[in-house]
Amino acid sequence: MGIQQIDKIMVINTKEISARIKLGVMLASLILVALIVISVIFSWSEKYVLSFFLAAIYFLFMAFVFVKNYNYIYYNTDGPKIIIRYIPLRPLSAGNYSIEIPRRDFVKAELKTGFFGLSKSLFLYVRSQQGVAKFKPVSVTVLSKREINEILNELSNINK
């Protein structure tokens, strides 16, 4: 993970860890499907008990991935805007999302944990013409505690 901080400018790019997560999910899927197909073809177990067991392991693994809700995250505070770009790493999910907030309109940021602390979401609040608006939460589960704390500290110091 790349963190660069130069005079109140922070850039976080999770390209490496995100690529490993995406590749790991794809490899696990391919390996488990291959094992199930091979066990059915060669009849490794009677009544396909091994196939059901492998399928259960796969579904538990995928449930864990969905609960964690990993995202590729690019965070940059260089310039007059706070920029957060994220791409969901869940299988079969699509979309590139970007949040660009002018520093003068930023109000606050909150971190909330969900599902027994397995997932962490960042909520951003901005000033708008109708009052204070809340952006859709950004899952920051892929970030380390140190990176999350640095983001929260930096965001709390904006406009002070």
# chains A, B, ... in the order shown; residues from 1 in each chain; ligands from 1

$ closest_atom_pairs --of "stretch 90-145 of chain A" --to "stretch 9-20 of chain A" --cutoff "12 Å" --atoms "only C-alpha atoms" --output "tab-separated table"
residue	atom	partner	partner_atom	distance
A:Arg90	CA	A:Ser18	CA	10.7
A:Val140	CA	A:Thr14	CA	10.3
A:Thr141	CA	A:Ser18	CA	11.0
A:Val142	CA	A:Ser18	CA	7.6
A:Leu143	CA	A:Thr14	CA	7.7
A:Ser144	CA	A:Thr14	CA	10.4

$ write_last_selection --atoms "C-alpha atoms" --output "PDB file, in the first residue's frame"
ATOM      1  CA  ARG A  90     -16.650  -8.167  -4.795  1.00  0.00           C
ATOM      2  CA  VAL A 140     -12.244   1.133   4.005  1.00  0.00           C
ATOM      3  CA  THR A 141     -11.783  -2.441   5.245  1.00  0.00           C
ATOM      4  CA  VAL A 142      -8.764  -2.914   2.977  1.00  0.00           C
ATOM      5  CA  LEU A 143      -6.844  -0.167   4.832  1.00  0.00           C
ATOM      6  CA  SER A 144      -4.733  -0.778   7.916  1.00  0.00           C
TER       7      SER A 144
END

$ residues_around --residues "A:Val132" --least-positions-apart "6" --cutoff "12 Å" --atoms "only C-alpha atoms" --output "list of chain:residue names"
A:Asp105, A:Phe106, A:Val107, A:Lys108, A:Leu124, A:Tyr125, A:Val126

$ residues_around --residues "A:Pro91" --least-positions-apart "4" --cutoff "12 Å" --atoms "only C-alpha atoms" --output "VMD selection string"
chain A and resid 21 to 29 61 to 63 65 to 66 69 to 71 87 95

$ select_by_dssp --residues "stretch 2-158 of chain A" --states "strand (DSSP E or B)" --output "count of residues only"
53

$ closest_residue --among "A:Phe59, A:Arg85, A:Tyr72, A:Ile101" --to "A:Ala133" --atoms "only C-alpha atoms"
A:Ile101

$ residues_around --residues "A:Ala109" --least-positions-apart "4" --cutoff "8 Å" --atoms "only C-alpha atoms" --output "PyMOL selection string"
chain A and resi 122-125+152+155-156

$ atom_distance --atom1 "atom CA of A:Val67" --atom2 "atom CA of A:Ser121"
11.8 Å

$ closest_residue --among "A:Val37, A:Leu54, A:Val138, A:Ile73" --to "A:Lys112" --atoms "only C-alpha atoms"
A:Val138

$ select_by_dssp --residues "stretch 30-122 of chain A" --states "alpha helix (DSSP H)" --output "number ranges by chain"
A: 30-41, 49-68

$ atom_distance --atom1 "atom CA of A:Glu147" --atom2 "atom CA of A:Ile84"
13.8 Å

$ residues_around --residues "A:Ser39" --least-positions-apart "4" --cutoff "10 Å" --atoms "only C-alpha atoms" --output "VMD selection string"
chain A and resid 33 to 35 43 to 45 48 to 51 54
